[in-house]
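Working notes for the structure below.
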Amino acid sequence: MKVAAVGDIHAPNYFDLFKKSIEEFLKITEDLAAFLLAGDIIDGGRYEQLDEIRELIKKVQLPTYSCFGNNEYKEYANTVMEKLPDVKFLDDSYITLSRNNRKVAIIGSRGILDKPTYWQKKNWPDIEKVYENRKFKLNELADVCQADLKILLIHYPPTLKIVEGENNSFIEQMGSSKLESLIKKFNLVITAHAHQGKKSVEIGGVPVVNVSLPLRNGICILDVEPKLGLDKFI
């Protein structure tokens, strides 16, 4: 089973690249189960950009699921969902799909950081508690959802290994090593946020794939089936 995935559109910043990527994507004839968005669809809470994004997503004609990124500010979450009615947002929640007589679960989350940013600590005093609760919730969801295949769709990378390449001074503010044990409960992890990070790594044999648009310059096609190596996914 294959899915398409992209993150970090940061509209309007990479809107033109996203538009071009959609045009290229529409030429693909592979049978895909879903289109997955790994957060930061817009930049800096600029939800007015979603009108044009919505029209592009309509062209994909696939079930579309998304997690929120740090640029989809939590106070605008409802507005974002209203402007993208064809997208199902997974916010520390999951959905199951049936595909070729197999059940597939997609768990979506913003993710957590090992070290909250200065802005987060200043404006979100209980952010460390929020992250701790989210870590617990994600592990709980992974355990309770019953499926043949499980995908984790998460904005902040759940391993610092994929963040390598970013500014070393901010590595702990780019993702989290605390979720590496969670990765092993999935068949595939799709993440973004790290524009300068690695394209993929393996944790315990599970592929973690960075689908950041400015890193990839296009939309990724990923195989969710159990595999023997990363080459099947890239």
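Residues are referred to by chain and number: the chain letter is A, B, ... according to the order shown in the structure tokens, the number counts from 1 in that chain, and ligands are numbered separately from 1 in the order shown.
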task: Extract, using only C-alpha atoms, all DNA, RNA and protein residues at most 9 Å from A:Val201, discarding same-chain residues fewer than 5 positions from it, and format them as a PyMOL selection string.
output: chain A and resi 161-162+206-210+230
field: Near-A:Ile9 list (9 Å; only C-alpha atoms; drop same-chain fewer than 6 positions) as a list in words
entry: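 Once the nearby chain positions are removed, what remains is Phe15, Leu17, Phe18, Gly39, Asp40, Ile41, Ile42, Asp43, Ser212, Leu213 and Pro214 of chain A.
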Hey, can you spit out that residue selection with N, CA and C atoms as a PDB file, in the first residue's frame?
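Heads up, here's the output in result_3.pdb:
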```
ATOM      1  N   PHE A  15       4.524  28.195  -1.832  1.00  0.00           N
ATOM      2  CA  PHE A  15       3.276  27.907  -2.542  1.00  0.00           C
ATOM      3  C   PHE A  15       3.533  27.566  -4.005  1.00  0.00           C
ATOM      4  N   LEU A  17       6.168  26.319  -5.383  1.00  0.00           N
ATOM      5  CA  LEU A  17       6.779  24.988  -5.461  1.00  0.00           C
ATOM      6  C   LEU A  17       5.720  23.916  -5.222  1.00  0.00           C
ATOM      7  N   PHE A  18       4.806  24.158  -4.284  1.00  0.00           N
ATOM      8  CA  PHE A  18       3.731  23.204  -4.016  1.00  0.00           C
ATOM      9  C   PHE A  18       2.828  23.069  -5.239  1.00  0.00           C
ATOM     10  N   GLY A  39       1.950  18.932   8.287  1.00  0.00           N
ATOM     11  CA  GLY A  39       1.951  20.191   9.037  1.00  0.00           C
ATOM     12  C   GLY A  39       2.690  21.332   8.377  1.00  0.00           C
ATOM     13  N   ASP A  40       2.530  22.526   8.970  1.00  0.00           N
ATOM     14  CA  ASP A  40       3.073  23.779   8.424  1.00  0.00           C
ATOM     15  C   ASP A  40       2.629  23.981   6.981  1.00  0.00           C
ATOM     16  N   ILE A  41       1.338  23.828   6.776  1.00  0.00           N
ATOM     17  CA  ILE A  41       0.732  24.106   5.476  1.00  0.00           C
ATOM     18  C   ILE A  41       0.842  25.599   5.184  1.00  0.00           C
ATOM     19  N   ILE A  42       0.691  26.398   6.237  1.00  0.00           N
ATOM     20  CA  ILE A  42       0.797  27.847   6.110  1.00  0.00           C
ATOM     21  C   ILE A  42       1.967  28.333   6.953  1.00  0.00           C
ATOM     22  N   ASP A  43       2.333  29.593   6.750  1.00  0.00           N
ATOM     23  CA  ASP A  43       3.429  30.179   7.508  1.00  0.00           C
ATOM     24  C   ASP A  43       2.891  31.235   8.465  1.00  0.00           C
ATOM     25  N   SER A 212       9.521  17.168   4.116  1.00  0.00           N
ATOM     26  CA  SER A 212       9.563  18.628   4.047  1.00  0.00           C
ATOM     27  C   SER A 212       9.717  19.077   2.589  1.00  0.00           C
ATOM     28  N   LEU A 213       8.805  19.904   2.114  1.00  0.00           N
ATOM     29  CA  LEU A 213       8.812  20.335   0.720  1.00  0.00           C
ATOM     30  C   LEU A 213      10.107  21.040   0.310  1.00  0.00           C
ATOM     31  N   PRO A 214      10.632  21.987   1.121  1.00  0.00           N
ATOM     32  CA  PRO A 214      11.881  22.633   0.704  1.00  0.00           C
ATOM     33  C   PRO A 214      13.084  21.698   0.698  1.00  0.00           C
TER      34      PRO A 214
END
```
task: List every residue of stretch 17-196 of chain A that DSSP, applied to the backbone of this structure, places in strand (DSSP E), and write the result as number ranges by chain.
output: A: 35-37, 64-66, 87-89, 93-99, 102-109, 149-154, 188-191
Could the residues of stretch 30-58 of chain A that have an atom at most 12 Å from stretch 93-105 of chain A be listed as a Markdown table, each with its closest atom pair and the distance in Å to one decimal, counting only C-alpha atoms and ordered by chain and ascending residue number?
```
| residue | atom | partner | partner_atom | distance |
| --- | --- | --- | --- | --- |
| A:Asp31 | CA | A:Arg99 | CA | 11.0 |
| A:Leu32 | CA | A:Arg99 | CA | 10.0 |
| A:Ala33 | CA | A:Arg99 | CA | 7.2 |
| A:Ala34 | CA | A:Leu97 | CA | 9.4 |
```
- prompt: Which is closer to A:Phe170 than all the others in A:Asn70, A:Asn139, A:Thr117, A:Gln61, using only C-alpha atoms?
  reply: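 With only C-alpha atoms as the atom set, the closest residue is A:Thr117.
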Please produce, as JSON lines, a per-residue contact table for stretch 14-128 of chain A versus stretch 174-195 of chain A (criterion: any atom at most 7 Å away, only C-alpha atoms considered), showing the nearest atom pair and its distance in Å to one decimal, sorted by chain then residue number.
```
{"residue": "A:Ala38", "atom": "CA", "partner": "A:Thr191", "partner_atom": "CA", "distance": 5.8}
{"residue": "A:Ile112", "atom": "CA", "partner": "A:Ser176", "partner_atom": "CA", "distance": 6.2}
{"residue": "A:Leu113", "atom": "CA", "partner": "A:Gly175", "partner_atom": "CA", "distance": 4.7}
{"residue": "A:Asp114", "atom": "CA", "partner": "A:Ser176", "partner_atom": "CA", "distance": 4.7}
```
Those of stretch 42-167 of chain A in DSSP alpha helix (DSSP H), formatted as number ranges by chain: A: 50-60, 77-83, 118-123, 127-144
Non-local contacts of A:Lys19 (10 Å; only C-alpha atoms; under 4 positions in same chain excluded) as a short mmCIF file (atom, residue, chain, number, x, y, z; two decimals) with C-alpha atoms, in the first residue's frame:
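Written out: result.cif:
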```cif
data_model
loop_
_atom_site.label_atom_id
_atom_site.label_comp_id
_atom_site.auth_asym_id
_atom_site.auth_seq_id
_atom_site.Cartn_x
_atom_site.Cartn_y
_atom_site.Cartn_z
CA ILE A 9 4.44 24.21 2.39
CA TYR A 14 6.70 27.64 -0.94
CA PHE A 15 3.28 27.91 -2.54
CA GLU A 23 1.02 19.44 -11.28
CA GLU A 24 3.78 16.82 -11.43
CA PHE A 25 1.97 14.61 -8.94
CA GLU A 52 -5.56 28.66 -2.81
CA ILE A 53 -4.22 25.59 -1.00
CA LEU A 56 -4.88 22.52 -5.22
CA ILE A 57 -5.75 19.77 -2.75
CA GLY A 218 8.27 17.65 -4.45
#
```
- request: Enter the distance from atom CA of A:Val211 to atom CA of A:Gly69, in Å, rounded to one decimal.
  value: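 Spanning atom CA of A:Val211 to atom CA of A:Gly69 is a straight-line distance of 13.1 Å.
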